[in-house]
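Source file: entry_38.pdb (PDB, C-alpha atoms, pLDDT in the B column)
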```
ATOM      1  CA  MET A   1      47.329 -29.858   8.987  1.00 36.00           C
ATOM      2  CA  LYS A   2      47.429 -26.675   6.876  1.00 36.00           C
ATOM      3  CA  GLN A   3      46.824 -28.776   3.748  1.00 37.00           C
ATOM      4  CA  LEU A   4      43.796 -30.419   5.401  1.00 30.00           C
ATOM      5  CA  ASN A   5      42.434 -26.987   6.376  1.00 32.00           C
ATOM      6  CA  ARG A   6      42.836 -25.766   2.778  1.00 33.00           C
ATOM      7  CA  ILE A   7      41.017 -28.832   1.432  1.00 31.00           C
ATOM      8  CA  PHE A   8      38.225 -28.398   3.989  1.00 29.00           C
ATOM      9  CA  THR A   9      37.933 -24.673   3.155  1.00 29.00           C
ATOM     10  CA  ALA A  10      37.815 -25.431  -0.584  1.00 31.00           C
ATOM     11  CA  ALA A  11      35.136 -28.088  -0.036  1.00 30.00           C
ATOM     12  CA  LEU A  12      33.095 -25.681   2.084  1.00 28.00           C
ATOM     13  CA  LEU A  13      33.375 -22.978  -0.597  1.00 29.00           C
ATOM     14  CA  ALA A  14      32.319 -25.453  -3.311  1.00 30.00           C
ATOM     15  CA  PHE A  15      29.297 -26.471  -1.217  1.00 29.00           C
ATOM     16  CA  ALA A  16      28.326 -22.822  -0.681  1.00 31.00           C
ATOM     17  CA  LEU A  17      28.572 -22.104  -4.413  1.00 30.00           C
ATOM     18  CA  ALA A  18      26.527 -25.184  -5.349  1.00 32.00           C
ATOM     19  CA  PHE A  19      23.756 -24.325  -2.888  1.00 33.00           C
ATOM     20  CA  PRO A  20      23.659 -20.519  -2.747  1.00 40.00           C
ATOM     21  CA  SER A  21      21.731 -18.599  -0.142  1.00 45.00           C
ATOM     22  CA  TRP A  22      18.541 -16.930  -1.348  1.00 49.00           C
ATOM     23  CA  ALA A  23      18.737 -14.352   1.428  1.00 50.00           C
ATOM     24  CA  SER A  24      18.851 -10.680   0.526  1.00 56.00           C
ATOM     25  CA  ALA A  25      17.738  -7.272   1.730  1.00 60.00           C
ATOM     26  CA  ALA A  26      14.646  -5.815   0.055  1.00 79.00           C
ATOM     27  CA  ALA A  27      12.999  -2.520  -0.941  1.00 88.00           C
ATOM     28  CA  LEU A  28       9.473  -1.133  -1.113  1.00 91.00           C
ATOM     29  CA  THR A  29       7.977  -0.275  -4.492  1.00 93.00           C
ATOM     30  CA  ASP A  30       6.522   3.170  -5.192  1.00 94.00           C
ATOM     31  CA  PHE A  31       3.073   1.553  -4.879  1.00 94.00           C
ATOM     32  CA  ALA A  32       3.842   0.340  -1.331  1.00 93.00           C
ATOM     33  CA  GLU A  33       5.452   3.640  -0.317  1.00 92.00           C
ATOM     34  CA  ASN A  34       2.370   5.545  -1.490  1.00 94.00           C
ATOM     35  CA  LYS A  35       0.081   3.173   0.432  1.00 94.00           C
ATOM     36  CA  ILE A  36       2.117   3.685   3.619  1.00 91.00           C
ATOM     37  CA  VAL A  37       2.138   7.492   3.275  1.00 94.00           C
ATOM     38  CA  ASP A  38      -1.614   7.536   2.668  1.00 95.00           C
ATOM     39  CA  ALA A  39      -2.306   5.190   5.605  1.00 93.00           C
ATOM     40  CA  THR A  40      -0.030   6.840   8.173  1.00 92.00           C
ATOM     41  CA  LEU A  41      -0.351  10.531   7.337  1.00 95.00           C
ATOM     42  CA  ARG A  42      -3.537  10.881   5.298  1.00 95.00           C
ATOM     43  CA  ALA A  43      -5.920   8.554   7.192  1.00 95.00           C
ATOM     44  CA  GLN A  44      -6.556   6.408   4.110  1.00 94.00           C
ATOM     45  CA  ALA A  45      -7.224   2.682   4.485  1.00 92.00           C
ATOM     46  CA  ILE A  46      -4.190   0.733   3.343  1.00 88.00           C
ATOM     47  CA  GLY A  47      -6.169  -2.348   2.348  1.00 85.00           C
ATOM     48  CA  THR A  48      -3.488  -4.910   3.109  1.00 82.00           C
ATOM     49  CA  PRO A  49      -4.355  -8.453   2.079  1.00 90.00           C
ATOM     50  CA  VAL A  50      -4.579 -11.385   4.492  1.00 94.00           C
ATOM     51  CA  THR A  51      -2.486 -13.442   2.076  1.00 97.00           C
ATOM     52  CA  TRP A  52       0.715 -12.321   0.374  1.00 96.00           C
ATOM     53  CA  TYR A  53       2.315 -14.054  -2.610  1.00 98.00           C
ATOM     54  CA  VAL A  54       6.050 -14.576  -3.079  1.00 97.00           C
ATOM     55  CA  ALA A  55       7.168 -14.297  -6.705  1.00 98.00           C
ATOM     56  CA  LEU A  56      10.416 -14.946  -8.601  1.00 98.00           C
ATOM     57  CA  TYR A  57      11.871 -12.770 -11.373  1.00 98.00           C
ATOM     58  CA  THR A  58      14.323 -13.203 -14.241  1.00 98.00           C
ATOM     59  CA  VAL A  59      14.604  -9.406 -14.585  1.00 98.00           C
ATOM     60  CA  CYS A  60      14.530  -7.432 -11.336  1.00 96.00           C
ATOM     61  CA  PRO A  61      11.667  -5.065 -10.635  1.00 95.00           C
ATOM     62  CA  THR A  62      12.461  -1.534  -9.490  1.00 91.00           C
ATOM     63  CA  ASP A  63      10.505   0.947  -7.395  1.00 90.00           C
ATOM     64  CA  SER A  64       8.442   1.833 -10.470  1.00 89.00           C
ATOM     65  CA  THR A  65       8.767  -1.105 -12.918  1.00 92.00           C
ATOM     66  CA  ALA A  66       7.349  -4.632 -12.761  1.00 91.00           C
ATOM     67  CA  GLY A  67      10.418  -6.601 -13.839  1.00 95.00           C
ATOM     68  CA  THR A  68       9.963  -9.940 -15.620  1.00 98.00           C
ATOM     69  CA  GLU A  69       8.340 -12.658 -13.541  1.00 98.00           C
ATOM     70  CA  VAL A  70       9.087 -16.328 -14.177  1.00 98.00           C
ATOM     71  CA  THR A  71       6.487 -18.047 -16.397  1.00 96.00           C
ATOM     72  CA  GLY A  72       5.766 -21.593 -17.533  1.00 92.00           C
ATOM     73  CA  GLY A  73       7.056 -24.925 -16.302  1.00 95.00           C
ATOM     74  CA  SER A  74       4.501 -25.173 -13.434  1.00 97.00           C
ATOM     75  CA  TYR A  75       5.644 -21.847 -11.941  1.00 98.00           C
ATOM     76  CA  ALA A  76       3.213 -20.236  -9.522  1.00 98.00           C
ATOM     77  CA  ARG A  77       3.548 -17.638  -6.810  1.00 98.00           C
ATOM     78  CA  VAL A  78       3.584 -19.062  -3.290  1.00 98.00           C
ATOM     79  CA  ALA A  79       0.864 -17.934  -0.862  1.00 98.00           C
ATOM     80  CA  VAL A  80       2.012 -16.862   2.610  1.00 96.00           C
ATOM     81  CA  THR A  81      -0.618 -15.831   5.140  1.00 94.00           C
ATOM     82  CA  ALA A  82      -0.059 -12.415   6.704  1.00 93.00           C
ATOM     83  CA  GLY A  83       0.439 -12.798  10.427  1.00 90.00           C
ATOM     84  CA  LEU A  84       2.779 -13.136  13.380  1.00 89.00           C
ATOM     85  CA  ALA A  85       3.386 -16.839  12.732  1.00 91.00           C
ATOM     86  CA  ALA A  86       4.407 -16.321   9.085  1.00 92.00           C
ATOM     87  CA  TRP A  87       6.732 -13.300   9.389  1.00 90.00           C
ATOM     88  CA  ALA A  88       9.198 -12.561  12.197  1.00 90.00           C
ATOM     89  CA  GLY A  89       8.889  -9.511  14.418  1.00 85.00           C
ATOM     90  CA  THR A  90      11.646  -6.912  14.121  1.00 86.00           C
ATOM     91  CA  GLN A  91      13.260  -7.985  17.389  1.00 85.00           C
ATOM     92  CA  ALA A  92      14.610 -11.326  16.093  1.00 83.00           C
ATOM     93  CA  ALA A  93      14.367 -13.894  13.332  1.00 86.00           C
ATOM     94  CA  GLY A  94      11.784 -16.526  14.176  1.00 86.00           C
ATOM     95  CA  SER A  95       9.859 -14.363  16.647  1.00 84.00           C
ATOM     96  CA  THR A  96       6.069 -14.691  16.642  1.00 86.00           C
ATOM     97  CA  VAL A  97       5.060 -11.655  18.700  1.00 86.00           C
ATOM     98  CA  ALA A  98       4.357  -8.073  17.622  1.00 86.00           C
ATOM     99  CA  SER A  99       7.431  -6.129  16.491  1.00 85.00           C
ATOM    100  CA  SER A 100       9.392  -4.274  19.150  1.00 86.00           C
ATOM    101  CA  GLY A 101      12.946  -4.352  17.804  1.00 81.00           C
ATOM    102  CA  THR A 102      15.066  -1.447  16.609  1.00 82.00           C
ATOM    103  CA  GLY A 103      16.551  -2.983  13.448  1.00 79.00           C
ATOM    104  CA  GLY A 104      13.433  -2.730  11.279  1.00 82.00           C
ATOM    105  CA  THR A 105      14.041  -6.191   9.788  1.00 84.00           C
ATOM    106  CA  THR A 106      11.587  -9.040   9.277  1.00 86.00           C
ATOM    107  CA  SER A 107      11.912 -12.402   7.542  1.00 89.00           C
ATOM    108  CA  ASN A 108       9.887 -15.486   6.728  1.00 92.00           C
ATOM    109  CA  ASN A 109       9.331 -17.791   9.718  1.00 94.00           C
ATOM    110  CA  ALA A 110       8.674 -20.907   7.623  1.00 94.00           C
ATOM    111  CA  VAL A 111      10.159 -22.400   4.485  1.00 96.00           C
ATOM    112  CA  ILE A 112       8.673 -20.942   1.281  1.00 96.00           C
ATOM    113  CA  THR A 113       8.587 -23.715  -1.333  1.00 97.00           C
ATOM    114  CA  PHE A 114       7.738 -23.180  -4.994  1.00 98.00           C
ATOM    115  CA  PRO A 115       6.207 -25.885  -7.214  1.00 97.00           C
ATOM    116  CA  THR A 116       8.744 -28.238  -8.791  1.00 97.00           C
ATOM    117  CA  PRO A 117       9.605 -26.904 -12.266  1.00 98.00           C
ATOM    118  CA  THR A 118       8.399 -29.072 -15.155  1.00 98.00           C
ATOM    119  CA  ALA A 119      10.542 -26.958 -17.497  1.00 98.00           C
ATOM    120  CA  GLY A 120      13.396 -24.516 -16.982  1.00 97.00           C
ATOM    121  CA  TRP A 121      12.502 -21.165 -15.434  1.00 98.00           C
ATOM    122  CA  GLY A 122      15.601 -19.340 -16.654  1.00 98.00           C
ATOM    123  CA  THR A 123      17.998 -17.500 -14.375  1.00 98.00           C
ATOM    124  CA  VAL A 124      16.191 -16.165 -11.324  1.00 97.00           C
ATOM    125  CA  VAL A 125      17.739 -12.907 -10.097  1.00 96.00           C
ATOM    126  CA  CYS A 126      15.086 -11.369  -7.805  1.00 96.00           C
ATOM    127  CA  TRP A 127      12.123 -12.181  -5.590  1.00 95.00           C
ATOM    128  CA  GLY A 128       9.129 -10.095  -4.608  1.00 96.00           C
ATOM    129  CA  ILE A 129       5.985  -9.976  -2.499  1.00 96.00           C
ATOM    130  CA  THR A 130       2.702  -9.241  -4.266  1.00 97.00           C
ATOM    131  CA  ASP A 131      -0.906  -8.915  -3.136  1.00 97.00           C
ATOM    132  CA  ALA A 132      -2.422 -11.441  -5.578  1.00 97.00           C
ATOM    133  CA  ALA A 133      -1.814 -14.960  -6.909  1.00 98.00           C
ATOM    134  CA  THR A 134      -1.652 -13.509 -10.444  1.00 97.00           C
ATOM    135  CA  ALA A 135      -1.343  -9.895 -11.595  1.00 96.00           C
ATOM    136  CA  GLY A 136      -1.991  -7.642  -8.565  1.00 96.00           C
ATOM    137  CA  ASN A 137       0.531  -5.192  -7.111  1.00 96.00           C
ATOM    138  CA  LEU A 138       4.166  -5.722  -6.227  1.00 97.00           C
ATOM    139  CA  TRP A 139       4.900  -4.311  -2.741  1.00 95.00           C
ATOM    140  CA  ILE A 140       8.405  -5.543  -1.899  1.00 93.00           C
ATOM    141  CA  TYR A 141      11.270  -6.755  -4.100  1.00 94.00           C
ATOM    142  CA  ALA A 142      14.907  -7.757  -3.714  1.00 92.00           C
ATOM    143  CA  ALA A 143      17.818  -9.054  -5.723  1.00 92.00           C
ATOM    144  CA  LEU A 144      19.002 -12.511  -4.741  1.00 92.00           C
ATOM    145  CA  THR A 145      22.472 -12.640  -3.213  1.00 89.00           C
ATOM    146  CA  ILE A 146      23.389 -15.083  -5.997  1.00 91.00           C
ATOM    147  CA  SER A 147      21.356 -15.550  -9.175  1.00 94.00           C
ATOM    148  CA  LYS A 148      20.320 -19.135  -9.877  1.00 95.00           C
ATOM    149  CA  THR A 149      19.424 -20.923 -13.105  1.00 97.00           C
ATOM    150  CA  ILE A 150      16.359 -23.050 -12.387  1.00 97.00           C
ATOM    151  CA  ASN A 151      16.174 -26.277 -14.384  1.00 98.00           C
ATOM    152  CA  THR A 152      13.484 -28.944 -14.715  1.00 98.00           C
ATOM    153  CA  GLY A 153      13.048 -30.740 -11.386  1.00 97.00           C
ATOM    154  CA  ASP A 154      15.081 -28.299  -9.255  1.00 96.00           C
ATOM    155  CA  ALA A 155      13.895 -27.728  -5.696  1.00 92.00           C
ATOM    156  CA  VAL A 156      13.229 -24.003  -5.302  1.00 94.00           C
ATOM    157  CA  SER A 157      12.695 -22.627  -1.804  1.00 95.00           C
ATOM    158  CA  PHE A 158      13.616 -19.976   0.722  1.00 93.00           C
ATOM    159  CA  ALA A 159      14.751 -21.438   4.048  1.00 93.00           C
ATOM    160  CA  ALA A 160      13.104 -19.979   7.152  1.00 93.00           C
ATOM    161  CA  GLY A 161      14.688 -16.576   7.778  1.00 90.00           C
ATOM    162  CA  ALA A 162      16.160 -16.323   4.255  1.00 89.00           C
ATOM    163  CA  ALA A 163      13.689 -13.862   2.691  1.00 89.00           C
ATOM    164  CA  THR A 164      14.534 -10.730   4.677  1.00 86.00           C
ATOM    165  CA  PHE A 165      13.078  -7.250   4.497  1.00 83.00           C
ATOM    166  CA  GLN A 166      14.450  -4.202   6.308  1.00 82.00           C
ATOM    167  CA  ILE A 167      12.331  -1.059   6.484  1.00 77.00           C
ATOM    168  CA  ASP A 168      15.171   1.262   7.559  1.00 65.00           C
ATOM    169  CA  ASN A 169      18.811   1.443   8.748  1.00 54.00           C
TER     170      ASN A 169
END
```
Just give me the structure as structure tokens.
Amino acid sequence: MKQLNRIFTAALLAFALAFPSWASAAALTDFAENKIVDATLRAQAIGTPVTWYVALYTVCPTDSTAGTEVTGGSYARVAVTAGLAAWAGTQAAGSTVASSGTGGTTSNNAVITFPTPTAGWGTVVCWGITDAATAGNLWIYAALTISKTINTGDAVSFAAGAATFQIDN
């Protein structure tokens, strides 16, 4: 029985390594932090978009640098409408009501699927949320829990609840 358990555990580990989780915690950029300070304490309009765009990076952004976004091979940012249905409230993953939780965490409520690559995208190490389909401003970024080399034809997506963002804690 112990041998069977070891084989099962090894198979489970191999499966997990072949199909890594995209989930990770995230951070606000300096741009987003400045917008929040101005909106909450200085009575300035924040100007949040009604559509956000999820991007992938081969070099991680930081609070003050853009990183290197994937290019070519049919890559495009994925549009996600801002709203209760698209992003979970802070009380629980999958919630669709206004935030009332104490953990400060939200995540995507639906699968986020990128176009199928027609050429390799390189090794993706980070993801981010921007305010435009191209160019624009990066608001949120995070390293992936496991980097992933994206080849021609690979399916690239975040499962519901996998793209998480925590504002504090």
request  = Quick one: apply the PyMOL selection byres ((chain A and resi 92) around 10) to the file and drop the selected residues here as a PyMOL selection string.
outcome  = chain A and resi 88-91+93-97+99-107+161
task = Name the residues that the PyMOL selection byres ((chain A and resi 111) around 6) pulls out of this structure, and write them as a PyMOL selection string.
result = chain A and resi 110+112+158-160
Limited to C-alpha atoms, could you put the picked residues into a file as a compact mmCIF listing (two decimals), in the frame of the given file?
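selection36.txt was written with the following content:
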```
# COMPACT_ATOMS: atom_id res chain seq x y z
CA ALA A 110 8.67 -20.91 7.62
CA ILE A 112 8.67 -20.94 1.28
CA PHE A 158 13.62 -19.98 0.72
CA ALA A 159 14.75 -21.44 4.05
CA ALA A 160 13.10 -19.98 7.15
```
note = Taken to one decimal, the CA of Thr58 in chain A-CA of Val124 in chain A distance is 4.6 Å
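From CA of Asn108 in chain A back to CA of Ile146 in chain A, the distance works out to 18.6 Å.
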task = Report as a list in words the full result of the PyMOL selection byres ((chain A and resi 78) around 7) when it is applied to this structure.
result = Tyr53, Val54, Ala55, Ala76, Arg77, Ala79, Val80 and Phe114 of chain A
query = Within 7 Å of range 129-143 of chain A, counting only C-alpha atoms, which residues qualify if same-chain residues fewer than 5 places away don't, as a PyMOL selection string?
reply = chain A and resi 24-29+31-32+49+52-55+60-61+77
message = Give me the residues near Ala155 in chain A as a PyMOL selection string, where near means some atom within 9 Å (using all atoms listed in the file) and where sequence neighbours in that chain fewer than 5 positions away do not count.
response = chain A and resi 113-117+150
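Note that CA of Gly47 in chain A and CA of Glu33 in chain A are 13.3 Å apart.
Residues in contact range of Asn34 in chain A, defined as at most 12 Å between only C-alpha atoms, with sequence neighbours fewer than 6 positions away removed, read Leu28, Thr40, Leu41, Arg42, Gln44, Ala45, Ile46, Asp63, Ser64 and Trp139 of chain A.
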Could you give me, as CSV, a per-residue list for range 84-133 of chain A showing, wherever an atom lies at most 12 Å from an atom of range 65-68 of chain A, the closest pair of atoms and their distance in Å to one decimal, using only C-alpha atoms and sorting by chain then residue number from low to high?
```
residue,atom,partner,partner_atom,distance
A:Trp121,CA,A:Thr68,CA,11.5
A:Gly122,CA,A:Thr68,CA,11.0
A:Thr123,CA,A:Thr68,CA,11.1
A:Val124,CA,A:Thr68,CA,9.8
A:Val125,CA,A:Thr68,CA,10.0
A:Cys126,CA,A:Gly67,CA,9.0
A:Trp127,CA,A:Gly67,CA,10.1
A:Gly128,CA,A:Gly67,CA,10.0
A:Ile129,CA,A:Ala66,CA,11.7
A:Thr130,CA,A:Ala66,CA,10.7
```
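For the residues A:Ala82, A:Ala39, A:Thr71, A:Gly120, ranking by smallest atom-to-atom distance to Lys148 in chain A using only C-alpha atoms places A:Gly120 first.
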Hey, could you patch up range 126-159 of chain A with N, CA and C atoms and hand it over as a PDB file, keeping the file's coordinate frame?
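Output (selection-v8.pdb):
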```pdb
ATOM      1  N   CYS A 126      15.785 -12.157  -8.828  1.00 96.00           N
ATOM      2  CA  CYS A 126      15.086 -11.369  -7.805  1.00 96.00           C
ATOM      3  C   CYS A 126      13.881 -12.130  -7.282  1.00 96.00           C
ATOM      4  N   TRP A 127      13.376 -11.677  -6.151  1.00 95.00           N
ATOM      5  CA  TRP A 127      12.123 -12.181  -5.590  1.00 95.00           C
ATOM      6  C   TRP A 127      11.294 -10.979  -5.192  1.00 95.00           C
ATOM      7  N   GLY A 128       9.999 -11.195  -5.013  1.00 96.00           N
ATOM      8  CA  GLY A 128       9.129 -10.095  -4.608  1.00 96.00           C
ATOM      9  C   GLY A 128       7.920 -10.595  -3.853  1.00 96.00           C
ATOM     10  N   ILE A 129       7.218  -9.669  -3.215  1.00 96.00           N
ATOM     11  CA  ILE A 129       5.985  -9.976  -2.499  1.00 96.00           C
ATOM     12  C   ILE A 129       4.868  -9.159  -3.132  1.00 96.00           C
ATOM     13  N   THR A 130       3.834  -9.869  -3.595  1.00 97.00           N
ATOM     14  CA  THR A 130       2.702  -9.241  -4.266  1.00 97.00           C
ATOM     15  C   THR A 130       1.430  -9.463  -3.452  1.00 97.00           C
ATOM     16  N   ASP A 131       0.362  -8.791  -3.860  1.00 97.00           N
ATOM     17  CA  ASP A 131      -0.906  -8.915  -3.136  1.00 97.00           C
ATOM     18  C   ASP A 131      -1.926  -9.807  -3.846  1.00 97.00           C
ATOM     19  N   ALA A 132      -1.497 -10.563  -4.856  1.00 97.00           N
ATOM     20  CA  ALA A 132      -2.422 -11.441  -5.578  1.00 97.00           C
ATOM     21  C   ALA A 132      -1.676 -12.645  -6.148  1.00 97.00           C
ATOM     22  N   ALA A 133      -2.405 -13.739  -6.357  1.00 98.00           N
ATOM     23  CA  ALA A 133      -1.814 -14.960  -6.909  1.00 98.00           C
ATOM     24  C   ALA A 133      -1.351 -14.759  -8.351  1.00 98.00           C
ATOM     25  N   THR A 134      -2.053 -13.906  -9.094  1.00 97.00           N
ATOM     26  CA  THR A 134      -1.652 -13.509 -10.444  1.00 97.00           C
ATOM     27  C   THR A 134      -1.925 -12.015 -10.561  1.00 97.00           C
ATOM     28  N   ALA A 135      -1.213 -11.355 -11.430  1.00 96.00           N
ATOM     29  CA  ALA A 135      -1.343  -9.895 -11.595  1.00 96.00           C
ATOM     30  C   ALA A 135      -1.180  -9.219 -10.239  1.00 96.00           C
ATOM     31  N   GLY A 136      -2.091  -8.322  -9.851  1.00 96.00           N
ATOM     32  CA  GLY A 136      -1.991  -7.642  -8.565  1.00 96.00           C
ATOM     33  C   GLY A 136      -0.885  -6.601  -8.535  1.00 96.00           C
ATOM     34  N   ASN A 137      -0.469  -6.241  -7.318  1.00 96.00           N
ATOM     35  CA  ASN A 137       0.531  -5.192  -7.111  1.00 96.00           C
ATOM     36  C   ASN A 137       1.750  -5.746  -6.398  1.00 96.00           C
ATOM     37  N   LEU A 138       2.916  -5.374  -6.889  1.00 97.00           N
ATOM     38  CA  LEU A 138       4.166  -5.722  -6.227  1.00 97.00           C
ATOM     39  C   LEU A 138       4.403  -4.713  -5.109  1.00 97.00           C
ATOM     40  N   TRP A 139       4.665  -5.188  -3.888  1.00 95.00           N
ATOM     41  CA  TRP A 139       4.900  -4.311  -2.741  1.00 95.00           C
ATOM     42  C   TRP A 139       6.376  -4.266  -2.360  1.00 95.00           C
ATOM     43  N   ILE A 140       7.020  -5.422  -2.360  1.00 93.00           N
ATOM     44  CA  ILE A 140       8.405  -5.543  -1.899  1.00 93.00           C
ATOM     45  C   ILE A 140       9.174  -6.353  -2.936  1.00 93.00           C
ATOM     46  N   TYR A 141      10.440  -5.992  -3.170  1.00 94.00           N
ATOM     47  CA  TYR A 141      11.270  -6.755  -4.100  1.00 94.00           C
ATOM     48  C   TYR A 141      12.708  -6.730  -3.613  1.00 94.00           C
ATOM     49  N   ALA A 142      13.492  -7.705  -4.077  1.00 92.00           N
ATOM     50  CA  ALA A 142      14.907  -7.757  -3.714  1.00 92.00           C
ATOM     51  C   ALA A 142      15.677  -8.595  -4.717  1.00 92.00           C
ATOM     52  N   ALA A 143      16.916  -8.217  -4.936  1.00 92.00           N
ATOM     53  CA  ALA A 143      17.818  -9.054  -5.723  1.00 92.00           C
ATOM     54  C   ALA A 143      18.269 -10.222  -4.852  1.00 92.00           C
ATOM     55  N   LEU A 144      18.443 -11.376  -5.465  1.00 92.00           N
ATOM     56  CA  LEU A 144      19.002 -12.511  -4.741  1.00 92.00           C
ATOM     57  C   LEU A 144      20.487 -12.254  -4.508  1.00 92.00           C
ATOM     58  N   THR A 145      21.039 -12.816  -3.462  1.00 89.00           N
ATOM     59  CA  THR A 145      22.472 -12.640  -3.213  1.00 89.00           C
ATOM     60  C   THR A 145      23.285 -13.305  -4.312  1.00 89.00           C
ATOM     61  N   ILE A 146      22.757 -14.389  -4.877  1.00 91.00           N
ATOM     62  CA  ILE A 146      23.389 -15.083  -5.997  1.00 91.00           C
ATOM     63  C   ILE A 146      22.270 -15.502  -6.943  1.00 91.00           C
ATOM     64  N   SER A 147      22.378 -15.122  -8.222  1.00 94.00           N
ATOM     65  CA  SER A 147      21.356 -15.550  -9.175  1.00 94.00           C
ATOM     66  C   SER A 147      21.466 -17.062  -9.365  1.00 94.00           C
ATOM     67  N   LYS A 148      20.359 -17.674  -9.769  1.00 95.00           N
ATOM     68  CA  LYS A 148      20.320 -19.135  -9.877  1.00 95.00           C
ATOM     69  C   LYS A 148      19.524 -19.539 -11.104  1.00 95.00           C
ATOM     70  N   THR A 149      20.135 -20.352 -11.969  1.00 97.00           N
ATOM     71  CA  THR A 149      19.424 -20.923 -13.105  1.00 97.00           C
ATOM     72  C   THR A 149      18.587 -22.090 -12.595  1.00 97.00           C
ATOM     73  N   ILE A 150      17.284 -22.027 -12.863  1.00 97.00           N
ATOM     74  CA  ILE A 150      16.359 -23.050 -12.387  1.00 97.00           C
ATOM     75  C   ILE A 150      16.039 -23.992 -13.544  1.00 97.00           C
ATOM     76  N   ASN A 151      16.388 -25.251 -13.369  1.00 98.00           N
ATOM     77  CA  ASN A 151      16.174 -26.277 -14.384  1.00 98.00           C
ATOM     78  C   ASN A 151      14.999 -27.177 -14.011  1.00 98.00           C
ATOM     79  N   THR A 152      14.550 -27.974 -14.960  1.00 98.00           N
ATOM     80  CA  THR A 152      13.484 -28.944 -14.715  1.00 98.00           C
ATOM     81  C   THR A 152      13.829 -29.790 -13.490  1.00 98.00           C
ATOM     82  N   GLY A 153      12.875 -29.893 -12.554  1.00 97.00           N
ATOM     83  CA  GLY A 153      13.048 -30.740 -11.386  1.00 97.00           C
ATOM     84  C   GLY A 153      13.797 -30.131 -10.216  1.00 97.00           C
ATOM     85  N   ASP A 154      14.357 -28.930 -10.368  1.00 96.00           N
ATOM     86  CA  ASP A 154      15.081 -28.299  -9.255  1.00 96.00           C
ATOM     87  C   ASP A 154      14.139 -28.003  -8.093  1.00 96.00           C
ATOM     88  N   ALA A 155      14.646 -28.142  -6.886  1.00 92.00           N
ATOM     89  CA  ALA A 155      13.895 -27.728  -5.696  1.00 92.00           C
ATOM     90  C   ALA A 155      14.156 -26.239  -5.496  1.00 92.00           C
ATOM     91  N   VAL A 156      13.096 -25.454  -5.437  1.00 94.00           N
ATOM     92  CA  VAL A 156      13.229 -24.003  -5.302  1.00 94.00           C
ATOM     93  C   VAL A 156      12.524 -23.575  -4.024  1.00 94.00           C
ATOM     94  N   SER A 157      13.300 -23.045  -3.068  1.00 95.00           N
ATOM     95  CA  SER A 157      12.695 -22.627  -1.804  1.00 95.00           C
ATOM     96  C   SER A 157      13.560 -21.595  -1.105  1.00 95.00           C
ATOM     97  N   PHE A 158      12.928 -20.862  -0.204  1.00 93.00           N
ATOM     98  CA  PHE A 158      13.616 -19.976   0.722  1.00 93.00           C
ATOM     99  C   PHE A 158      13.585 -20.666   2.078  1.00 93.00           C
ATOM    100  N   ALA A 159      14.719 -20.890   2.694  1.00 93.00           N
ATOM    101  CA  ALA A 159      14.751 -21.438   4.048  1.00 93.00           C
ATOM    102  C   ALA A 159      14.107 -20.431   4.998  1.00 93.00           C
TER     103      ALA A 159
END
```
